[in-house]
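Structure data follow from input10.cif (mmCIF, C-alpha atoms):
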data_work
#
loop_
_atom_site.label_atom_id
_atom_site.label_comp_id
_atom_site.auth_asym_id
_atom_site.auth_seq_id
_atom_site.Cartn_x
_atom_site.Cartn_y
_atom_site.Cartn_z
CA MET A 1 81.24 100.49 97.60
CA ASN A 2 83.95 100.65 100.22
CA SER A 3 87.03 101.33 98.13
CA LEU A 4 90.66 100.71 98.84
CA GLN A 5 92.51 103.51 97.12
CA PRO A 6 96.07 102.62 96.04
CA GLY A 7 98.88 105.08 96.49
CA LEU A 8 100.50 104.45 93.09
CA HIS A 9 99.54 106.69 90.22
CA ARG A 10 102.70 106.94 88.15
CA LYS A 11 101.43 105.49 84.89
CA GLN A 12 101.39 108.08 82.13
CA GLN A 13 97.93 108.44 80.61
CA PRO A 14 97.54 108.92 76.85
CA LYS A 15 98.30 112.49 75.82
CA GLY A 16 96.45 115.00 73.68
CA PHE A 17 92.72 115.48 73.10
CA HIS A 18 92.29 111.85 72.06
CA GLY A 19 93.95 110.61 75.25
CA HIS A 20 91.99 113.02 77.43
CA VAL A 21 88.68 111.75 76.08
CA ILE A 22 89.72 108.11 76.54
CA THR A 23 90.83 108.72 80.12
CA GLU A 24 87.80 110.75 81.21
CA LEU A 25 85.28 108.37 79.66
CA GLY A 26 87.16 105.33 80.94
CA ARG A 27 87.21 106.66 84.51
CA SER A 28 83.53 107.56 84.30
CA ILE A 29 82.61 104.07 83.14
CA VAL A 30 84.71 102.34 85.79
CA SER A 31 83.34 104.58 88.56
CA GLY A 32 79.77 103.82 87.54
CA ALA A 33 78.96 107.35 86.41
CA TYR A 34 78.00 105.61 83.19
CA PRO A 35 76.61 102.29 84.47
CA GLU A 36 76.88 98.95 82.72
CA ASN A 37 74.28 98.47 79.96
CA SER A 38 73.52 102.21 79.87
CA LEU A 39 73.96 104.40 76.80
CA LEU A 40 76.65 107.08 76.68
CA PRO A 41 75.50 110.61 75.79
CA ARG A 42 75.11 111.24 72.08
CA ASP A 43 78.22 112.09 70.08
CA ALA A 44 77.27 115.74 69.73
CA GLU A 45 76.94 116.10 73.50
CA LEU A 46 80.31 114.42 74.11
CA GLN A 47 81.97 116.57 71.45
CA GLU A 48 80.70 119.69 73.19
CA ARG A 49 81.68 118.43 76.64
CA PHE A 50 85.27 117.63 75.65
CA GLY A 51 85.68 120.32 73.00
CA VAL A 52 86.87 117.85 70.37
CA SER A 53 86.06 117.05 66.76
CA ARG A 54 83.88 114.15 65.67
CA THR A 55 87.01 112.38 64.37
CA VAL A 56 88.82 112.63 67.72
CA LEU A 57 85.74 111.41 69.60
CA ARG A 58 85.21 108.46 67.27
CA GLU A 59 88.85 107.40 67.61
CA ALA A 60 88.57 107.55 71.41
CA LEU A 61 85.40 105.46 71.33
CA LYS A 62 87.12 102.90 69.10
CA THR A 63 89.90 102.59 71.67
CA LEU A 64 87.43 102.00 74.51
CA ALA A 65 85.56 99.48 72.34
CA ALA A 66 88.82 97.60 71.77
CA LYS A 67 89.20 97.37 75.56
CA GLY A 68 85.80 95.67 75.73
CA MET A 69 84.15 98.55 77.60
CA ILE A 70 81.66 99.90 75.06
CA GLN A 71 79.86 98.90 71.87
CA PRO A 72 78.81 101.60 69.40
CA LYS A 73 75.75 100.73 67.31
CA ALA A 74 74.31 102.72 64.46
CA LYS A 75 70.91 104.36 65.20
CA ILE A 76 71.06 103.14 68.83
CA GLY A 77 74.07 104.78 70.41
CA THR A 78 77.11 103.66 72.34
CA ARG A 79 76.32 101.13 75.06
CA VAL A 80 78.48 100.47 78.12
CA LEU A 81 79.16 96.75 78.19
CA ALA A 82 79.02 94.50 81.25
CA ARG A 83 82.17 94.54 83.37
CA GLU A 84 82.66 90.81 82.77
CA GLY A 85 83.64 91.58 79.19
CA TRP A 86 86.22 94.26 79.98
CA ASN A 87 89.88 93.48 79.45
CA LEU A 88 90.92 93.75 83.09
CA PHE A 89 94.54 93.04 82.20
CA ASP A 90 94.60 96.32 80.29
CA PRO A 91 96.88 98.74 82.21
CA ASP A 92 94.53 101.68 81.59
CA ILE A 93 91.51 99.85 82.99
CA LEU A 94 93.44 98.77 86.07
CA GLN A 95 94.67 102.32 86.58
CA TRP A 96 91.16 103.74 86.18
CA HIS A 97 89.94 101.38 88.91
CA ALA A 98 92.62 102.81 91.21
CA GLU A 99 91.93 106.43 90.32
CA ALA A 100 88.14 106.03 90.57
CA GLY A 101 88.37 104.41 94.01
CA ALA A 102 86.73 101.34 92.48
CA ILE A 103 88.87 98.75 94.25
CA ASP A 104 86.97 97.06 97.05
CA ALA A 105 88.14 94.05 99.06
CA GLY A 106 86.66 91.58 96.58
CA PHE A 107 88.42 93.17 93.61
CA LEU A 108 91.68 93.30 95.55
CA PHE A 109 91.43 89.64 96.51
CA SER A 110 90.88 88.81 92.84
CA LEU A 111 94.06 90.73 91.97
CA GLN A 112 95.97 88.86 94.64
CA GLU A 113 94.66 85.52 93.40
CA MET A 114 96.00 86.35 89.95
CA ARG A 115 99.35 87.18 91.54
CA LEU A 116 99.29 83.77 93.24
CA ALA A 117 98.65 82.12 89.89
CA LEU A 118 101.51 83.89 88.13
CA GLU A 119 104.24 85.31 90.37
CA PRO A 120 105.35 82.11 92.13
CA GLU A 121 105.96 80.60 88.71
CA ALA A 122 107.81 83.73 87.62
CA ALA A 123 110.06 83.33 90.67
CA ALA A 124 110.66 79.67 89.87
CA LEU A 125 111.58 80.52 86.27
CA ALA A 126 113.82 83.33 87.49
CA ALA A 127 115.71 80.84 89.65
CA LEU A 128 116.42 78.79 86.53
CA ARG A 129 117.20 81.62 84.11
CA ARG A 130 118.48 84.63 86.04
CA THR A 131 121.75 86.38 85.31
CA ASP A 132 124.20 87.56 87.93
CA ALA A 133 123.25 91.14 87.12
CA GLN A 134 119.59 90.36 87.75
CA VAL A 135 120.41 88.77 91.10
CA ALA A 136 122.32 91.92 92.05
CA GLU A 137 119.29 94.00 91.05
CA LEU A 138 117.01 91.95 93.31
CA PHE A 139 119.28 92.43 96.30
CA ARG A 140 119.56 96.13 95.51
CA TRP A 141 115.81 96.54 95.87
CA VAL A 142 115.75 94.41 99.01
CA GLY A 143 118.41 96.69 100.45
CA ARG A 144 116.36 99.78 99.68
CA MET A 145 113.27 98.19 101.19
CA GLY A 146 115.26 97.51 104.36
CA ASP A 147 116.10 101.18 104.96
CA MET A 148 114.33 101.95 108.24
CA THR A 149 114.00 105.65 107.34
CA ILE A 150 111.98 105.27 104.13
CA THR A 151 108.40 106.42 103.72
CA GLY A 152 105.48 104.14 102.99
CA ALA A 153 105.32 105.39 99.40
CA GLU A 154 109.03 104.65 98.91
CA PHE A 155 108.58 101.17 100.34
CA VAL A 156 105.79 100.39 97.86
CA GLU A 157 107.93 101.75 95.03
CA TYR A 158 110.89 99.52 95.91
CA ASP A 159 108.61 96.54 96.52
CA LEU A 160 107.11 97.01 93.04
CA ARG A 161 110.57 97.29 91.47
CA PHE A 162 111.57 94.06 93.20
CA HIS A 163 108.59 92.15 91.82
CA ILE A 164 109.09 93.57 88.33
CA SER A 165 112.74 92.52 88.51
CA VAL A 166 111.66 88.96 89.36
CA ALA A 167 109.36 88.98 86.33
CA GLU A 168 112.18 90.24 84.12
CA ALA A 169 114.55 87.58 85.45
CA SER A 170 112.02 84.90 84.46
CA GLN A 171 112.89 85.74 80.83
CA ASN A 172 109.20 85.35 80.00
CA PRO A 173 107.74 88.49 78.38
CA PHE A 174 104.22 87.63 79.52
CA MET A 175 105.34 87.70 83.16
CA ARG A 176 106.72 91.21 82.67
CA ALA A 177 103.47 92.27 81.03
CA ILE A 178 101.51 91.85 84.29
CA SER A 179 103.37 94.71 85.99
CA ALA A 180 100.26 96.92 85.97
CA LEU A 181 98.31 94.26 87.83
CA ILE A 182 101.10 93.92 90.41
CA GLU A 183 101.33 97.71 90.81
CA VAL A 184 97.64 98.20 91.53
CA ALA A 185 97.52 95.19 93.86
CA LEU A 186 100.55 96.36 95.85
CA GLY A 187 99.31 99.93 96.05
CA ALA A 188 95.90 98.88 97.35
CA THR A 189 97.30 96.29 99.77
CA PHE A 190 99.73 98.71 101.37
CA THR A 191 97.09 101.42 101.57
CA VAL A 192 94.97 99.04 103.64
CA SER A 193 97.82 97.69 105.76
CA SER A 194 101.40 98.85 105.39
CA PRO A 195 104.40 97.49 107.32
CA ILE A 196 105.61 101.09 107.54
CA PRO A 197 106.23 102.47 110.19
CA ASN A 198 105.88 99.24 112.22
CA THR A 199 109.54 98.25 112.64
CA GLU A 200 108.87 94.57 113.33
CA LYS A 201 106.53 94.14 110.35
CA HIS A 202 108.91 96.14 108.17
CA LYS A 203 111.85 93.88 108.97
CA LEU A 204 109.77 90.71 108.51
CA ASN A 205 108.51 91.85 105.12
CA VAL A 206 112.05 92.65 103.99
CA GLU A 207 113.28 89.23 105.11
CA ARG A 208 110.44 87.55 103.21
CA HIS A 209 111.60 89.30 100.05
CA ARG A 210 115.21 88.52 100.81
CA ALA A 211 114.24 84.82 100.92
CA ILE A 212 112.92 85.12 97.36
CA ALA A 213 116.16 86.74 96.22
CA GLU A 214 118.27 84.11 97.98
CA ALA A 215 116.34 81.26 96.38
CA ILE A 216 116.72 82.83 92.94
CA LYS A 217 120.41 83.41 93.59
CA ASN A 218 120.80 79.75 94.63
CA LYS A 219 118.94 78.57 91.51
CA ASP A 220 116.35 76.83 93.67
CA PRO A 221 112.99 77.07 91.86
CA VAL A 222 111.06 75.19 94.57
CA ALA A 223 112.24 77.56 97.31
CA ALA A 224 111.69 80.61 95.08
CA ARG A 225 108.13 79.55 94.30
CA SER A 226 107.36 78.93 97.97
CA ALA A 227 108.92 82.19 99.15
CA MET A 228 106.96 84.23 96.63
CA ARG A 229 103.74 82.50 97.58
CA THR A 230 104.39 83.31 101.24
CA VAL A 231 104.81 87.02 100.48
CA ILE A 232 101.55 87.21 98.52
CA LEU A 233 99.58 85.21 101.08
CA GLU A 234 100.79 87.48 103.86
CA GLY A 235 99.50 90.46 101.88
CA ILE A 236 96.12 88.75 101.57
CA GLY A 237 96.18 88.08 105.30
CA ARG A 238 96.83 91.73 106.12
CA VAL A 239 93.88 92.83 103.99
CA SER A 240 91.63 90.22 105.61
CA GLU A 241 92.68 91.31 109.09
CA VAL A 242 91.95 94.98 108.47
CA THR A 243 88.77 94.67 106.41
CA GLY A 244 87.27 91.65 108.15
CA LYS A 245 86.66 90.17 104.71
CA HIS A 246 88.15 86.97 103.33
CA PRO A 247 88.66 85.39 99.90
CA LEU A 248 85.79 83.26 98.71
CA THR A 249 87.95 80.15 98.81
CA ASP A 250 90.58 78.92 101.22
CA LEU A 251 93.89 79.64 99.50
CA GLY A 252 95.91 77.66 102.02
CA ALA A 253 99.58 78.22 102.73
#
This entry written out as structure tokens:
Amino acid sequence: MNSLQPGLHRKQQPKGFHGHVITELGRSIVSGAYPENSLLPRDAELQERFGVSRTVLREALKTLAAKGMIQPKAKIGTRVLAREGWNLFDPDILQWHAEAGAIDAGFLFSLQEMRLALEPEAAALAALRRTDAQVAELFRWVGRMGDMTITGAEFVEYDLRFHISVAEASQNPFMRAISALIEVALGATFTVSSPIPNTEKHKLNVERHRAIAEAIKNKDPVAARSAMRTVILEGIGRVSEVTGKHPLTDLGA
């Protein structure tokens, strides 16, 4: 698999022995070290590998089962379930894809398609519901994105903060809950093709985001929706240009 490794890894993983087991097993499953439909090593072997008690291991396995990744069965063992059944909205699973280098062009396009389904509507809702303070926050991030001296990592950080601020301004808690999806998609997209340090692309990207902020400020949901869609489609276009791959369907403009 040709992976597109994002540059964002800020999410705090679960702590302690329990969290360590969850993270290591989760990464191994996502990477294919434990393939779909295979059986995990027996409990005794996993306990020895991780140096944990049976109780800690069982609790970790329950957590992974709740994410749709495994299914423990008495007298058979713990089976890795098919990827189609995983909860891909789960922030841990998204992060493990990034850390395992398991994001190829197809997976990234799927992430971007989900952004297209959700973020333009978040922008439209933000235009109807935003507060003055939230508008100021949007322009603050646009201003930081426009600094011509910032690094690529800083640009992605400010871009992410901008999109999270739009979701928060929508006043819809479900929009804010997709921040992990946005983070992984942005990280992978900018790893493939970043506007930094290309001055012209940098300025254009900033102006595209400024158009979103202006539409939200002006309480224009139609313009906000369109401006957000333009930003996401341009990201898809950059990935297509670099990888030579395209979404399965024509997303249009």
Selection result for the PyMOL selection byres ((chain A and resi 237-243) around 9) on this file, as a list in words =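 Matching residues under the PyMOL selection byres ((chain A and resi 237-243) around 9) are Ala105, Leu108, Phe109, Thr189, Phe190, Val192, Ser193, Ser194, Ile232, Leu233, Glu234, Gly235, Ile236, Gly244, Lys245, His246 and Pro247 of chain A.
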query = A:Leu57: which residues within 9 Å, counting only C-alpha atoms, same-chain residues fewer than 5 positions away excluded, as an MDAnalysis selection string?
reply = chainID A and resid 17:18 21:22 43 46:47 50 52 62
request  = Neighbourhood query: residues within 8 Å of (110.2, 80.7, 101.4), file coordinates, counting only C-alpha atoms; return as a PyMOL selection string.
outcome  = chain A and resi 208+211-212+215+223-230
request  = Provide the atom CA of A:Leu125 to atom CA of A:Val142 distance in Å, to one decimal place.
outcome  = 19.3 Å
request  = List the residues selected by the PyMOL selection byres ((chain A and resi 34) around 12) in the file shown, writing them as a list in words.
outcome  =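 So the PyMOL selection byres ((chain A and resi 34) around 12), applied here, picks out Glu24, Leu25, Gly26, Arg27, Ser28, Ile29, Val30, Ser31, Gly32, Ala33, Pro35, Glu36, Asn37, Ser38, Leu39, Leu40, Pro41, Met69, Ile70, Thr78, Arg79, Val80, Leu81, Ala82 and Arg83 of chain A.
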request  = Provide the atom CA of A:Glu137 to atom CA of A:His163 distance in Å, to one decimal place.
outcome  = 10.9 Å
Shell around A:Val184 at 7 Å using all atoms listed in the file, local window under 4 positions removed, as a JSON list (two decimals) with C-alpha atoms, in the coordinates of the input:
[["chain", "number", "residue", "atom", "x", "y", "z"],
["A", 6, "PRO", "CA", 96.07, 102.62, 96.04],
["A", 94, "LEU", "CA", 93.44, 98.77, 86.07],
["A", 98, "ALA", "CA", 92.62, 102.81, 91.21],
["A", 180, "ALA", "CA", 100.26, 96.92, 85.97],
["A", 188, "ALA", "CA", 95.90, 98.88, 97.35]]
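In this comparison, which uses only C-alpha atoms, the residue of A:Phe174, A:Ser179, A:Phe155, A:Leu160 approaching A:Pro195 most closely is A:Phe155.
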message = Please compute the atom CA of A:Arg42-atom CA of A:Ile76 distance, one decimal, in Å.
response =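 Computing it gives 9.6 Å between the two atoms.
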task = Identify which of the residues A:Asp132, A:Arg176, A:Tyr158, A:Thr149 lies closest to A:Lys217, counting only C-alpha atoms when measuring atom-to-atom distances.
result =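 Going through A:Asp132, A:Arg176, A:Tyr158, A:Thr149 one by one, the smallest distance to A:Lys217 is for A:Asp132.
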message = Give me the residues near A:Lys203 as number ranges by chain, where near means some atom within 10 Å (using all atoms listed in the file) and where sequence neighbours in that chain fewer than 6 positions away do not count.
response = A: 145-148, 195-196
Residue IDs satisfying the PyMOL selection byres ((chain A and resi 164) around 10), as a PyMOL selection string = chain A and resi 119+122+138+158-163+165-170+175-180+182-183
query = Quick one: of A:Pro173, A:Gly187, A:Gly85, A:Gly51, who's nearest to A:Glu157, counting all atoms listed in the file?
reply = A:Gly187
